[in-house]
>>> print(open('input-v1.cif').read())   # mmCIF, C-alpha atoms
data_final
loop_
_atom_site.label_atom_id
_atom_site.label_comp_id
_atom_site.auth_asym_id
_atom_site.auth_seq_id
_atom_site.Cartn_x
_atom_site.Cartn_y
_atom_site.Cartn_z
CA MET A 21 -5.31 13.40 14.51
CA PHE A 22 -4.10 10.37 12.56
CA GLU A 23 -0.36 10.08 13.11
CA ILE A 24 0.46 8.27 9.88
CA ASP A 25 4.08 7.89 8.82
CA LYS A 26 4.94 10.52 6.15
CA GLU A 27 6.54 7.92 3.89
CA LEU A 28 3.31 5.93 4.06
CA ILE A 29 1.30 8.98 2.98
CA GLU A 30 3.57 9.47 -0.03
CA LEU A 31 3.23 5.79 -0.92
CA SER A 32 -0.55 6.14 -0.70
CA LYS A 33 -0.51 8.99 -3.23
CA GLU A 34 1.60 6.91 -5.60
CA VAL A 35 -0.72 3.90 -5.23
CA GLU A 36 -3.85 5.94 -5.96
CA LYS A 37 -2.39 6.94 -9.31
CA GLU A 38 -1.54 3.33 -10.13
CA ILE A 39 -5.03 1.96 -9.38
CA LYS A 40 -7.00 4.61 -11.27
CA GLU A 41 -7.95 2.28 -14.14
CA GLN A 42 -9.23 -0.42 -11.78
CA ILE A 43 -11.27 2.11 -9.79
CA GLU A 44 -12.95 3.32 -12.97
CA GLU A 45 -13.92 -0.26 -13.88
CA VAL A 46 -15.52 -0.73 -10.45
CA GLU A 47 -17.55 2.43 -10.98
CA LYS A 48 -18.84 1.13 -14.35
CA ASN A 49 -20.09 -2.07 -12.71
CA CYS A 50 -21.65 -0.01 -9.92
CA MET A 51 -23.73 1.89 -12.46
CA ILE A 52 -24.98 -1.30 -14.13
CA ASN A 53 -25.97 -2.81 -10.77
CA SER A 54 -27.58 0.46 -9.66
CA ILE A 55 -29.79 0.40 -12.75
CA LYS A 56 -30.86 -3.15 -11.85
CA VAL A 57 -31.84 -2.13 -8.34
CA LEU A 58 -33.68 1.04 -9.36
CA ASP A 59 -35.60 -0.87 -12.03
CA ALA A 60 -36.68 -3.46 -9.44
CA PHE A 61 -37.88 -0.74 -7.05
CA GLN A 62 -39.85 0.99 -9.77
CA LYS A 63 -41.39 -2.14 -11.31
CA ASN A 64 -42.54 -3.29 -7.88
CA LYS A 65 -43.97 0.17 -7.09
CA VAL A 66 -42.21 0.61 -3.75
CA SER A 67 -43.84 3.24 -1.51
CA ASP A 68 -43.87 4.10 2.19
CA VAL A 69 -46.69 1.61 2.78
CA HIS A 70 -44.04 -1.08 2.33
CA PHE A 71 -42.10 0.27 5.33
CA GLY A 72 -44.82 -0.98 7.70
CA SER A 73 -44.41 -3.65 10.35
CA THR A 74 -46.14 -6.84 11.39
CA THR A 75 -45.95 -8.84 14.62
CA GLY A 76 -47.01 -12.31 15.69
CA TYR A 77 -47.56 -14.57 12.70
CA GLY A 78 -46.86 -11.83 10.17
CA TYR A 79 -49.75 -12.68 7.85
CA ASN A 80 -50.22 -10.46 4.76
CA ASP A 81 -47.07 -8.39 5.25
CA ILE A 82 -47.05 -6.48 1.97
CA GLY A 83 -43.62 -4.97 2.64
CA ARG A 84 -42.04 -8.39 3.17
CA ASP A 85 -43.67 -9.72 0.01
CA CYS A 86 -42.50 -6.68 -1.98
CA ILE A 87 -38.93 -7.11 -0.72
CA GLU A 88 -38.90 -10.74 -1.86
CA LYS A 89 -40.09 -9.74 -5.33
CA ILE A 90 -37.34 -7.09 -5.52
CA PHE A 91 -34.61 -9.56 -4.50
CA ALA A 92 -35.92 -12.12 -6.98
CA GLN A 93 -35.81 -9.58 -9.81
CA ILE A 94 -32.34 -8.28 -8.93
CA LEU A 95 -30.94 -11.81 -8.70
CA GLU A 96 -32.83 -13.03 -11.82
CA ALA A 97 -34.59 -15.68 -9.72
CA GLU A 98 -38.12 -17.09 -9.85
CA ASP A 99 -38.59 -16.44 -6.15
CA SER A 100 -36.72 -15.42 -3.00
CA LEU A 101 -36.93 -15.79 0.76
CA VAL A 102 -35.59 -12.68 2.54
CA ARG A 103 -36.02 -12.86 6.29
CA SER A 104 -34.72 -11.37 9.51
CA GLN A 105 -35.41 -14.79 11.07
CA PHE A 106 -32.17 -15.93 9.42
CA ILE A 107 -29.45 -15.30 12.01
CA SER A 108 -26.62 -15.38 9.46
CA GLY A 109 -25.53 -16.62 6.06
CA THR A 110 -24.49 -19.87 7.74
CA HIS A 111 -28.02 -20.26 9.11
CA ALA A 112 -29.51 -19.69 5.64
CA LEU A 113 -27.13 -22.27 4.14
CA THR A 114 -28.17 -24.73 6.86
CA VAL A 115 -31.86 -24.17 6.16
CA ALA A 116 -31.31 -24.67 2.40
CA LEU A 117 -29.27 -27.86 2.85
CA PHE A 118 -31.77 -29.45 5.23
CA ALA A 119 -34.61 -28.39 2.90
CA LEU A 120 -33.09 -29.94 -0.21
CA LEU A 121 -31.54 -33.15 1.16
CA ARG A 122 -33.20 -36.29 2.52
CA PRO A 123 -31.79 -39.39 4.29
CA GLY A 124 -29.72 -41.40 1.82
CA ASP A 125 -29.04 -38.39 -0.45
CA THR A 126 -25.52 -37.23 -1.28
CA LEU A 127 -24.20 -33.68 -1.06
CA LEU A 128 -21.14 -32.97 -3.21
CA SER A 129 -18.94 -29.91 -2.75
CA ILE A 130 -16.89 -29.17 -5.87
CA THR A 131 -14.91 -26.36 -4.26
CA GLY A 132 -13.17 -28.46 -1.64
CA LYS A 133 -14.01 -28.24 2.05
CA PRO A 134 -16.51 -25.46 2.71
CA TYR A 135 -16.11 -22.61 5.16
CA ASP A 136 -15.22 -23.73 8.71
CA THR A 137 -18.67 -22.91 10.14
CA LEU A 138 -20.23 -25.64 7.95
CA ASP A 139 -18.06 -28.43 9.41
CA GLU A 140 -20.54 -29.36 12.14
CA ILE A 141 -23.54 -28.77 9.87
CA ILE A 142 -22.29 -31.26 7.29
CA GLY A 143 -20.79 -33.63 9.87
CA ILE A 144 -17.12 -33.22 8.95
CA THR A 145 -16.80 -32.41 12.64
CA PRO A 146 -19.14 -34.74 14.59
CA ASN A 147 -22.41 -33.20 15.75
CA LYS A 148 -25.65 -34.96 16.69
CA SER A 149 -27.66 -32.46 14.64
CA SER A 150 -25.52 -32.63 11.46
CA LEU A 151 -26.58 -33.77 8.00
CA LYS A 152 -24.49 -36.89 8.58
CA SER A 153 -26.55 -37.76 11.67
CA PHE A 154 -29.58 -37.85 9.35
CA ASN A 155 -27.78 -40.33 7.07
CA ILE A 156 -27.01 -37.72 4.42
CA ASN A 157 -23.74 -38.47 2.66
CA TYR A 158 -21.04 -35.93 1.87
CA GLU A 159 -18.26 -35.95 -0.71
CA GLN A 160 -15.93 -33.25 -1.97
CA ILE A 161 -13.69 -32.51 -4.93
CA ASP A 162 -10.89 -30.03 -4.47
CA LEU A 163 -10.26 -27.26 -6.95
CA LYS A 164 -7.45 -27.77 -9.44
CA GLU A 165 -5.15 -24.76 -9.95
CA ASN A 166 -7.86 -22.29 -8.89
CA ASP A 167 -10.43 -23.81 -11.24
CA PHE A 168 -12.88 -26.68 -11.08
CA ASN A 169 -11.58 -30.22 -11.56
CA TYR A 170 -13.87 -30.89 -14.51
CA GLU A 171 -12.67 -34.46 -15.11
CA LYS A 172 -13.34 -35.58 -11.53
CA ILE A 173 -16.69 -33.79 -11.46
CA GLU A 174 -17.78 -35.51 -14.66
CA ASN A 175 -16.66 -38.93 -13.42
CA ILE A 176 -18.42 -38.75 -10.06
CA ILE A 177 -21.77 -37.45 -11.33
CA LYS A 178 -21.81 -40.14 -14.03
CA LYS A 179 -21.08 -42.93 -11.53
CA GLU A 180 -22.97 -41.79 -8.42
CA LYS A 181 -26.42 -40.42 -7.65
CA ILE A 182 -25.76 -36.86 -6.48
CA LYS A 183 -28.71 -34.84 -5.17
CA VAL A 184 -27.11 -31.44 -4.49
CA ILE A 185 -23.86 -29.89 -5.68
CA GLU A 186 -22.63 -27.06 -3.48
CA ILE A 187 -20.34 -24.34 -4.82
CA GLN A 188 -18.75 -21.84 -2.45
CA ARG A 189 -17.72 -18.84 -4.51
CA SER A 190 -15.71 -16.98 -1.87
CA LYS A 191 -12.41 -18.43 -0.68
CA GLY A 192 -13.27 -18.63 3.02
CA TYR A 193 -10.16 -19.11 5.17
CA SER A 194 -8.09 -20.50 2.31
CA THR A 195 -5.50 -19.33 -0.20
CA ARG A 196 -7.45 -20.26 -3.31
CA GLU A 197 -8.96 -17.72 -5.67
CA SER A 198 -12.63 -16.84 -5.35
CA LEU A 199 -14.74 -17.94 -8.29
CA CYS A 200 -15.91 -15.52 -10.98
CA ILE A 201 -19.18 -15.93 -12.86
CA ASN A 202 -17.51 -17.20 -16.06
CA LYS A 203 -16.06 -20.21 -14.18
CA LEU A 204 -19.45 -20.92 -12.61
CA GLU A 205 -21.11 -20.84 -16.02
CA LYS A 206 -18.68 -23.38 -17.47
CA VAL A 207 -19.01 -25.92 -14.66
CA ILE A 208 -22.80 -25.60 -14.37
CA LYS A 209 -23.14 -26.26 -18.12
CA LEU A 210 -21.08 -29.44 -17.67
CA ILE A 211 -23.18 -30.62 -14.70
CA LYS A 212 -26.50 -29.97 -16.42
CA SER A 213 -25.33 -31.62 -19.67
CA ILE A 214 -24.82 -34.86 -17.72
CA ASN A 215 -27.74 -34.71 -15.28
CA LYS A 216 -30.32 -31.92 -15.32
CA GLU A 217 -31.88 -33.18 -12.08
CA ILE A 218 -28.87 -32.31 -9.93
CA ILE A 219 -29.58 -29.22 -7.82
CA VAL A 220 -26.74 -26.69 -8.07
CA MET A 221 -26.60 -24.55 -4.93
CA VAL A 222 -24.23 -21.58 -4.76
CA ASP A 223 -22.98 -19.98 -1.57
CA ASN A 224 -22.97 -16.42 -2.88
CA CYS A 225 -21.79 -14.70 0.33
CA TYR A 226 -19.41 -11.75 -0.24
CA CYS A 227 -20.01 -11.88 -4.03
CA GLU A 228 -23.22 -9.97 -4.81
CA PHE A 229 -22.74 -6.90 -7.06
CA VAL A 230 -18.99 -7.48 -7.42
CA GLU A 231 -19.77 -8.50 -10.99
CA THR A 232 -22.87 -7.65 -13.00
CA LYS A 233 -24.39 -11.15 -13.27
CA SER A 234 -26.02 -13.39 -10.69
CA PRO A 235 -25.22 -17.15 -10.54
CA ILE A 236 -28.90 -17.77 -11.37
CA GLU A 237 -28.29 -16.19 -14.80
CA VAL A 238 -25.66 -18.84 -15.59
CA GLY A 239 -27.70 -21.85 -14.50
CA ALA A 240 -27.55 -22.13 -10.69
CA ASP A 241 -30.78 -23.46 -9.18
CA ILE A 242 -30.52 -21.77 -5.81
CA ILE A 243 -28.22 -19.18 -4.19
CA VAL A 244 -27.73 -18.09 -0.61
CA GLY A 245 -26.30 -14.94 0.96
CA SER A 246 -26.26 -12.76 4.07
CA LEU A 247 -27.78 -9.32 4.61
CA ILE A 248 -24.94 -8.23 6.90
CA LYS A 249 -22.68 -8.61 3.89
CA ASN A 250 -23.12 -7.17 0.39
CA LEU A 251 -26.87 -6.95 -0.20
CA GLY A 252 -27.61 -5.39 3.19
CA GLY A 253 -25.64 -2.30 2.17
CA GLY A 254 -24.43 -1.76 5.75
CA ILE A 255 -27.98 -0.81 6.77
CA ALA A 256 -29.89 -4.08 7.26
CA PRO A 257 -29.30 -5.04 10.92
CA ASN A 258 -29.48 -8.80 10.31
CA GLY A 259 -30.99 -11.45 8.05
CA ALA A 260 -30.17 -13.43 4.93
CA TYR A 261 -31.74 -14.59 1.68
CA ILE A 262 -32.32 -17.73 -0.37
CA ALA A 263 -33.23 -17.20 -4.04
CA GLY A 264 -33.75 -19.34 -7.11
CA ARG A 265 -36.27 -21.86 -8.41
CA GLN A 266 -39.70 -21.32 -6.88
CA ASP A 267 -40.11 -24.93 -5.72
CA LEU A 268 -36.71 -24.92 -3.98
CA VAL A 269 -37.38 -21.56 -2.31
CA GLU A 270 -40.69 -22.91 -1.02
CA LEU A 271 -38.98 -26.00 0.40
CA SER A 272 -36.55 -23.67 2.17
CA ALA A 273 -39.40 -21.54 3.51
CA GLU A 274 -41.12 -24.61 4.93
CA ARG A 275 -37.90 -25.60 6.66
CA LEU A 276 -37.45 -22.09 8.10
CA THR A 277 -41.06 -21.83 9.34
CA SER A 278 -43.20 -24.97 9.05
CA PRO A 279 -44.73 -27.24 6.37
CA GLY A 280 -47.96 -25.79 5.09
CA GLN A 281 -47.11 -22.23 6.14
CA GLY A 282 -43.80 -21.53 4.41
CA LYS A 283 -43.50 -17.95 3.14
CA GLU A 284 -46.95 -16.91 4.40
CA VAL A 285 -45.70 -16.34 7.94
CA GLY A 286 -42.84 -14.40 9.47
CA PRO A 287 -43.28 -11.03 11.17
CA THR A 288 -41.01 -8.22 10.01
CA LEU A 289 -40.99 -6.29 13.30
CA GLY A 290 -40.11 -2.98 11.64
CA ILE A 291 -37.15 -4.17 9.55
CA ASN A 292 -38.63 -3.62 6.05
CA LYS A 293 -37.38 -0.07 5.61
CA SER A 294 -33.82 -1.05 6.63
CA ILE A 295 -33.74 -3.96 4.18
CA LEU A 296 -35.07 -1.79 1.36
CA GLN A 297 -32.61 1.01 2.10
CA GLY A 298 -29.81 -1.52 2.38
CA VAL A 299 -30.35 -3.17 -0.99
CA TYR A 300 -30.87 0.29 -2.54
CA MET A 301 -27.43 1.37 -1.30
CA ALA A 302 -25.77 -2.00 -1.91
CA PRO A 303 -24.27 -1.36 -5.39
CA SER A 304 -22.48 1.76 -4.14
CA VAL A 305 -21.39 0.19 -0.83
CA VAL A 306 -20.03 -2.91 -2.57
CA ALA A 307 -18.15 -0.69 -5.02
CA ASN A 308 -16.55 1.19 -2.10
CA SER A 309 -15.60 -2.11 -0.51
CA ILE A 310 -13.91 -3.28 -3.72
CA LYS A 311 -12.08 0.04 -4.10
CA THR A 312 -10.76 -0.34 -0.55
CA ALA A 313 -9.61 -3.89 -1.33
CA ILE A 314 -7.82 -2.76 -4.50
CA TYR A 315 -6.10 0.03 -2.58
CA ALA A 316 -5.05 -2.29 0.26
CA SER A 317 -3.81 -4.90 -2.20
CA ARG A 318 -1.47 -2.49 -3.97
CA MET A 319 -0.30 -0.82 -0.75
CA LEU A 320 0.63 -4.10 0.94
CA GLU A 321 2.16 -5.54 -2.23
CA LYS A 322 4.47 -2.55 -2.55
CA LEU A 323 5.48 -3.08 1.07
CA GLY A 324 6.59 -6.62 0.21
CA TYR A 325 3.66 -8.79 1.29
CA ASN A 326 1.98 -11.52 -0.76
CA VAL A 327 -1.57 -10.45 -1.61
CA SER A 328 -4.50 -12.06 -3.38
CA PRO A 329 -6.08 -10.86 -5.54
CA LYS A 330 -3.47 -8.44 -6.82
CA PHE A 331 -4.77 -4.93 -7.47
CA ASN A 332 -5.19 -5.47 -11.22
CA GLU A 333 -6.71 -8.97 -11.11
CA LYS A 334 -10.38 -9.80 -11.70
CA ARG A 335 -12.41 -10.05 -8.50
CA ALA A 336 -15.32 -12.29 -7.55
CA ASP A 337 -15.87 -11.10 -3.97
CA ILE A 338 -15.03 -8.28 -1.55
CA VAL A 339 -12.37 -10.27 0.33
CA GLN A 340 -8.70 -9.24 0.23
CA ASN A 341 -6.05 -11.73 1.39
CA ILE A 342 -2.83 -10.40 2.91
CA GLU A 343 -0.21 -13.00 3.83
CA PHE A 344 1.95 -11.84 6.74
CA GLY A 345 4.05 -14.95 7.39
CA ASN A 346 3.94 -14.58 11.16
CA ALA A 347 1.28 -14.30 13.83
CA GLU A 348 2.46 -11.00 15.30
CA LYS A 349 2.06 -9.00 12.07
CA LEU A 350 -1.36 -10.56 11.40
CA ILE A 351 -2.50 -9.58 14.88
CA LYS A 352 -1.03 -6.06 14.60
CA TYR A 353 -2.74 -5.48 11.24
CA CYS A 354 -6.15 -6.58 12.55
CA GLN A 355 -5.68 -4.44 15.66
CA GLY A 356 -4.80 -1.51 13.37
CA ILE A 357 -8.02 -1.95 11.39
CA GLN A 358 -9.89 -1.76 14.69
CA MET A 359 -7.96 1.39 15.63
CA GLY A 360 -8.93 2.99 12.32
CA SER A 361 -12.64 2.24 12.70
CA ALA A 362 -15.49 4.43 13.93
CA ILE A 363 -16.95 1.89 16.36
CA ASP A 364 -14.91 0.38 19.23
CA SER A 365 -11.72 2.04 18.02
CA ASN A 366 -10.42 1.89 21.59
CA SER A 367 -10.85 -1.90 21.74
CA VAL A 368 -7.90 -4.22 21.14
CA PRO A 369 -8.97 -7.50 19.49
CA GLU A 370 -7.12 -10.65 20.53
CA PRO A 371 -7.20 -14.20 19.12
CA TRP A 372 -9.87 -16.37 20.75
CA ASN A 373 -11.64 -19.71 20.41
CA MET A 374 -14.54 -18.56 18.24
CA PRO A 375 -17.55 -20.95 17.95
CA GLY A 376 -17.49 -22.92 14.69
CA TYR A 377 -13.74 -22.61 14.06
CA ASN A 378 -10.93 -25.09 14.66
CA ASP A 379 -8.17 -22.52 15.28
CA LYS A 380 -8.06 -19.38 17.35
CA VAL A 381 -9.34 -16.45 15.30
CA ILE A 382 -8.63 -12.74 15.56
CA MET A 383 -11.50 -10.59 14.38
CA ALA A 384 -11.51 -6.82 14.00
CA SER A 385 -14.81 -5.19 13.16
CA GLY A 386 -15.49 -1.48 13.45
CA SER A 387 -19.12 -2.09 12.60
CA PHE A 388 -22.46 -0.57 13.50
CA THR A 389 -23.91 -4.09 13.11
CA GLN A 390 -22.22 -6.90 15.01
CA GLY A 391 -20.39 -9.23 12.61
CA SER A 392 -21.10 -7.11 9.54
CA SER A 393 -18.51 -7.85 6.86
CA ILE A 394 -19.53 -5.15 4.40
CA GLU A 395 -18.44 -2.55 6.94
CA ILE A 396 -14.69 -2.37 7.54
CA SER A 397 -13.52 -5.65 9.06
CA CYS A 398 -10.49 -7.91 9.09
CA ASP A 399 -10.02 -11.36 10.53
CA GLY A 400 -7.98 -14.50 10.24
CA PRO A 401 -7.18 -17.82 11.89
CA ILE A 402 -3.94 -17.97 13.84
CA ARG A 403 -2.31 -20.62 11.69
CA PRO A 404 0.40 -20.57 8.99
CA PRO A 405 0.82 -18.76 6.65
CA TYR A 406 -0.97 -16.18 8.86
CA ILE A 407 -3.35 -14.56 6.38
CA ALA A 408 -5.55 -11.56 7.09
CA TYR A 409 -8.92 -11.61 5.32
CA MET A 410 -10.09 -8.02 4.96
CA GLN A 411 -13.57 -6.91 3.85
CA GLY A 412 -15.37 -3.57 3.55
CA SER A 413 -15.73 -0.53 3.88
CA LEU A 414 -18.94 1.51 3.58
CA THR A 415 -16.97 4.33 1.96
CA TYR A 416 -13.64 4.32 0.17
CA GLU A 417 -12.36 7.21 2.27
CA TYR A 418 -12.99 5.43 5.58
CA GLY A 419 -11.48 2.28 4.10
CA LYS A 420 -8.25 4.07 3.17
CA LEU A 421 -7.97 5.55 6.65
CA ALA A 422 -8.38 2.12 8.24
CA VAL A 423 -5.79 0.53 5.93
CA LEU A 424 -3.28 3.32 6.58
CA THR A 425 -3.81 2.99 10.32
CA ALA A 426 -3.33 -0.79 10.15
CA ILE A 427 -0.09 -0.55 8.14
CA ASN A 428 1.14 2.19 10.44
CA ASN A 429 0.48 -0.09 13.43
CA ILE A 430 2.74 -2.77 11.94
CA LYS A 431 5.48 -0.25 11.17
CA LYS A 432 5.44 0.94 14.79
#
>>> encode(input="input-v1.cif", output="structure tokens")
Amino acid sequence: MFEIDKELIELSKEVEKEIKEQIEEVEKNCMINSIKVLDAFQKNKVSDVHFGSTTGYGYNDIGRDCIEKIFAQILEAEDSLVRSQFISGTHALTVALFALLRPGDTLLSITGKPYDTLDEIIGITPNKSSLKSFNINYEQIDLKENDFNYEKIENIIKKEKIKVIEIQRSKGYSTRESLCINKLEKVIKLIKSINKEIIVMVDNCYCEFVETKSPIEVGADIIVGSLIKNLGGGIAPNGAYIAGRQDLVELSAERLTSPGQGKEVGPTLGINKSILQGVYMAPSVVANSIKTAIYASRMLEKLGYNVSPKFNEKRADIVQNIEFGNAEKLIKYCQGIQMGSAIDSNSVPEPWNMPGYNDKVIMASGSFTQGSSIEISCDGPIRPPYIAYMQGSLTYEYGKLAVLTAINNIKK
């Protein structure tokens, strides 16, 4: 059924032998994270009563409240806000930023310019509803050789009054490395040693369960992520979370709903069971996604392409960069991922002007949930050096099939 080049099949067998050690390491982390999740379910006494649904205001939704206790425990946070009312991770980041910042405050990004979809939220790209339009200042410090620029960070927080420091762990549409927990720990210690009042907010999208620690454990005050990425396990149909200090989570809840109501309202409309099943499956699904990334990295490297991370390098997220050097190969690879997917395999993605992005973007997603990145997906802006950003898949086997189909499509 899959007409894969015979030489490619032989290369695949060779690669699977070479990546055995890395696959075993992923499985060890999966077990540690699975223990965390199971412990949270058991300590919070999850039962089928928590699968129930509320409508309207959503008062006294015991399932929703249980879910937020489970997320808080898994992420080592004081509290969490886990809601289907969040449209995306970008929406959750927006809610958190508007909750924490006031007119005259300064937001500092220490990982360079954030993901493209935040440009209009911050005001980098003009928008009448941006933080900038509310007189909230923005500054950024670029990374230095794939690490934080500690000297510049120290200088600016000593000289200026910074309210919130934002750290984006995943690379976004860039060529930098994603940031592992040990680097976060070092920079947060520096920040807090100078000014304990600064709020450290981490964009944790794509990173949950890749390692065995949460950013909260190394000093972050608040973290944000999407449920159609890692922690949704490919089952949650939408939503996102904000977790961390109780007072900051409550501020975020009052921005999402309304002052005085906060977390007490928000109907679940039958989503509780999907969120619980999703986070239950998440350690295994994330592990499969990482295995697929390791496999793709080694396959494409052996075929002569620049990849990041390399198959044997430490990973902080589920994203695999593949640099093609020209637009045609990038497009063919993404189209091949679509061809190797279960959903919309007959569709042919083309670059288009996607809302929130400055360049045309090609986006392949063979997903049961629209826009889900933990399922097999691959996308990239049509700009030099023409990098594909691949994420997923729900199982390693489906991931391999999609990668083989994509490579085969380029070879054709």
>>> atom_distance(input="input-v1.cif", atom1="CA of Val238 in chain A", atom2="CA of Leu199 in chain A")
13.2 Å
>>> atom_distance(input="input-v1.cif", atom1="CA of Glu343 in chain A", atom2="CA of Tyr377 in chain A")
19.5 Å
>>> closest_residue(input="input-v1.cif", among="A:Asn378, A:Val35, A:Asn49, A:Met319", to="Ile144 in chain A", atoms="only C-alpha atoms")
A:Asn378
>>> residues_near_point(input="input-v1.cif", point="(-2.5, -6.2, 10.4)", cutoff="8 Å", atoms="all atoms listed in the file", output="list of chain:residue names")
A:Lys349, A:Leu350, A:Ile351, A:Lys352, A:Tyr353, A:Cys354, A:Gln355, A:Gly356, A:Ile357, A:Ala408, A:Ala426, A:Ile427, A:Asn429, A:Ile430
>>> resolve_selection(input="input-v1.cif", expression="the PyMOL selection byres ((chain A and resi 219) around 6)", output="PyMOL selection string")
chain A and resi 184+218+220
>>> residues_near_point(input="input-v1.cif", point="(-17.8, -31.6, -2.5)", cutoff="12 Å", atoms="all atoms listed in the file", output="mmCIF file with C-alpha atoms, keeping the file's coordinate frame")
data_model
loop_
_atom_site.group_PDB
_atom_site.id
_atom_site.type_symbol
_atom_site.label_atom_id
_atom_site.label_comp_id
_atom_site.auth_asym_id
_atom_site.auth_seq_id
_atom_site.Cartn_x
_atom_site.Cartn_y
_atom_site.Cartn_z
ATOM 1 C CA THR A 126 -25.520 -37.230 -1.280
ATOM 2 C CA LEU A 127 -24.200 -33.680 -1.060
ATOM 3 C CA LEU A 128 -21.140 -32.970 -3.210
ATOM 4 C CA SER A 129 -18.940 -29.910 -2.750
ATOM 5 C CA ILE A 130 -16.890 -29.170 -5.870
ATOM 6 C CA THR A 131 -14.910 -26.360 -4.260
ATOM 7 C CA GLY A 132 -13.170 -28.460 -1.640
ATOM 8 C CA LYS A 133 -14.010 -28.240 2.050
ATOM 9 C CA PRO A 134 -16.510 -25.460 2.710
ATOM 10 C CA TYR A 135 -16.110 -22.610 5.160
ATOM 11 C CA ILE A 142 -22.290 -31.260 7.290
ATOM 12 C CA ILE A 144 -17.120 -33.220 8.950
ATOM 13 C CA ASN A 157 -23.740 -38.470 2.660
ATOM 14 C CA TYR A 158 -21.040 -35.930 1.870
ATOM 15 C CA GLU A 159 -18.260 -35.950 -0.710
ATOM 16 C CA GLN A 160 -15.930 -33.250 -1.970
ATOM 17 C CA ILE A 161 -13.690 -32.510 -4.930
ATOM 18 C CA ASP A 162 -10.890 -30.030 -4.470
ATOM 19 C CA LEU A 163 -10.260 -27.260 -6.950
ATOM 20 C CA PHE A 168 -12.880 -26.680 -11.080
ATOM 21 C CA ASN A 169 -11.580 -30.220 -11.560
ATOM 22 C CA LYS A 172 -13.340 -35.580 -11.530
ATOM 23 C CA ILE A 173 -16.690 -33.790 -11.460
ATOM 24 C CA ILE A 176 -18.420 -38.750 -10.060
ATOM 25 C CA ILE A 177 -21.770 -37.450 -11.330
ATOM 26 C CA ILE A 182 -25.760 -36.860 -6.480
ATOM 27 C CA LYS A 183 -28.710 -34.840 -5.170
ATOM 28 C CA VAL A 184 -27.110 -31.440 -4.490
ATOM 29 C CA ILE A 185 -23.860 -29.890 -5.680
ATOM 30 C CA GLU A 186 -22.630 -27.060 -3.480
ATOM 31 C CA ILE A 187 -20.340 -24.340 -4.820
ATOM 32 C CA GLN A 188 -18.750 -21.840 -2.450
ATOM 33 C CA VAL A 220 -26.740 -26.690 -8.070
ATOM 34 C CA MET A 221 -26.600 -24.550 -4.930
#
>>> residues_around(input="input-v1.cif", residues="range 239-247 of chain A", least_positions_apart="2", cutoff="7 Å", atoms="all atoms listed in the file", output="CSV table (one decimal) with C-alpha atoms, in the coordinates of the input")
chain,number,residue,atom,x,y,z
A,108,SER,CA,-26.6,-15.4,9.5
A,109,GLY,CA,-25.5,-16.6,6.1
A,112,ALA,CA,-29.5,-19.7,5.6
A,113,LEU,CA,-27.1,-22.3,4.1
A,205,GLU,CA,-21.1,-20.8,-16.0
A,208,ILE,CA,-22.8,-25.6,-14.4
A,219,ILE,CA,-29.6,-29.2,-7.8
A,220,VAL,CA,-26.7,-26.7,-8.1
A,221,MET,CA,-26.6,-24.6,-4.9
A,222,VAL,CA,-24.2,-21.6,-4.8
A,223,ASP,CA,-23.0,-20.0,-1.6
A,224,ASN,CA,-23.0,-16.4,-2.9
A,225,CYS,CA,-21.8,-14.7,0.3
A,235,PRO,CA,-25.2,-17.2,-10.5
A,236,ILE,CA,-28.9,-17.8,-11.4
A,237,GLU,CA,-28.3,-16.2,-14.8
A,249,LYS,CA,-22.7,-8.6,3.9
A,250,ASN,CA,-23.1,-7.2,0.4
A,251,LEU,CA,-26.9,-7.0,-0.2
A,252,GLY,CA,-27.6,-5.4,3.2
A,256,ALA,CA,-29.9,-4.1,7.3
A,258,ASN,CA,-29.5,-8.8,10.3
A,259,GLY,CA,-31.0,-11.4,8.0
A,260,ALA,CA,-30.2,-13.4,4.9
A,261,TYR,CA,-31.7,-14.6,1.7
A,262,ILE,CA,-32.3,-17.7,-0.4
A,263,ALA,CA,-33.2,-17.2,-4.0
A,264,GLY,CA,-33.8,-19.3,-7.1
A,265,ARG,CA,-36.3,-21.9,-8.4
>>> closest_residue(input="input-v1.cif", among="A:Gln62, A:Ser328, A:Thr312, A:Gln297", to="Gly412 in chain A", atoms="only C-alpha atoms")
A:Thr312
>>> residues_around(input="input-v1.cif", residues="Leu320 in chain A", least_positions_apart="5", cutoff="10 Å", atoms="all atoms listed in the file", output="list in words")
Tyr315, Tyr325, Asn326, Val327, Lys330, Ile342, Glu343, Phe344, Val423 and Ile427 of chain A
>>> build_atoms(input="input-v1.cif", residues="range 239-243 of chain A", atoms="N, CA and C atoms", output="short mmCIF file (atom, residue, chain, number, x, y, z; two decimals), in the coordinates of the input")
data_model
loop_
_atom_site.label_atom_id
_atom_site.label_comp_id
_atom_site.auth_asym_id
_atom_site.auth_seq_id
_atom_site.Cartn_x
_atom_site.Cartn_y
_atom_site.Cartn_z
N GLY A 239 -27.22 -20.49 -14.67
CA GLY A 239 -27.70 -21.85 -14.50
C GLY A 239 -27.82 -22.38 -13.09
N ALA A 240 -27.40 -21.65 -12.06
CA ALA A 240 -27.55 -22.13 -10.69
C ALA A 240 -29.04 -22.25 -10.35
N ASP A 241 -29.39 -23.25 -9.56
CA ASP A 241 -30.78 -23.46 -9.18
C ASP A 241 -31.17 -22.67 -7.95
N ILE A 242 -30.22 -22.47 -7.04
CA ILE A 242 -30.52 -21.77 -5.81
C ILE A 242 -29.25 -21.11 -5.28
N ILE A 243 -29.38 -19.90 -4.74
CA ILE A 243 -28.22 -19.18 -4.19
C ILE A 243 -28.58 -18.66 -2.80
#
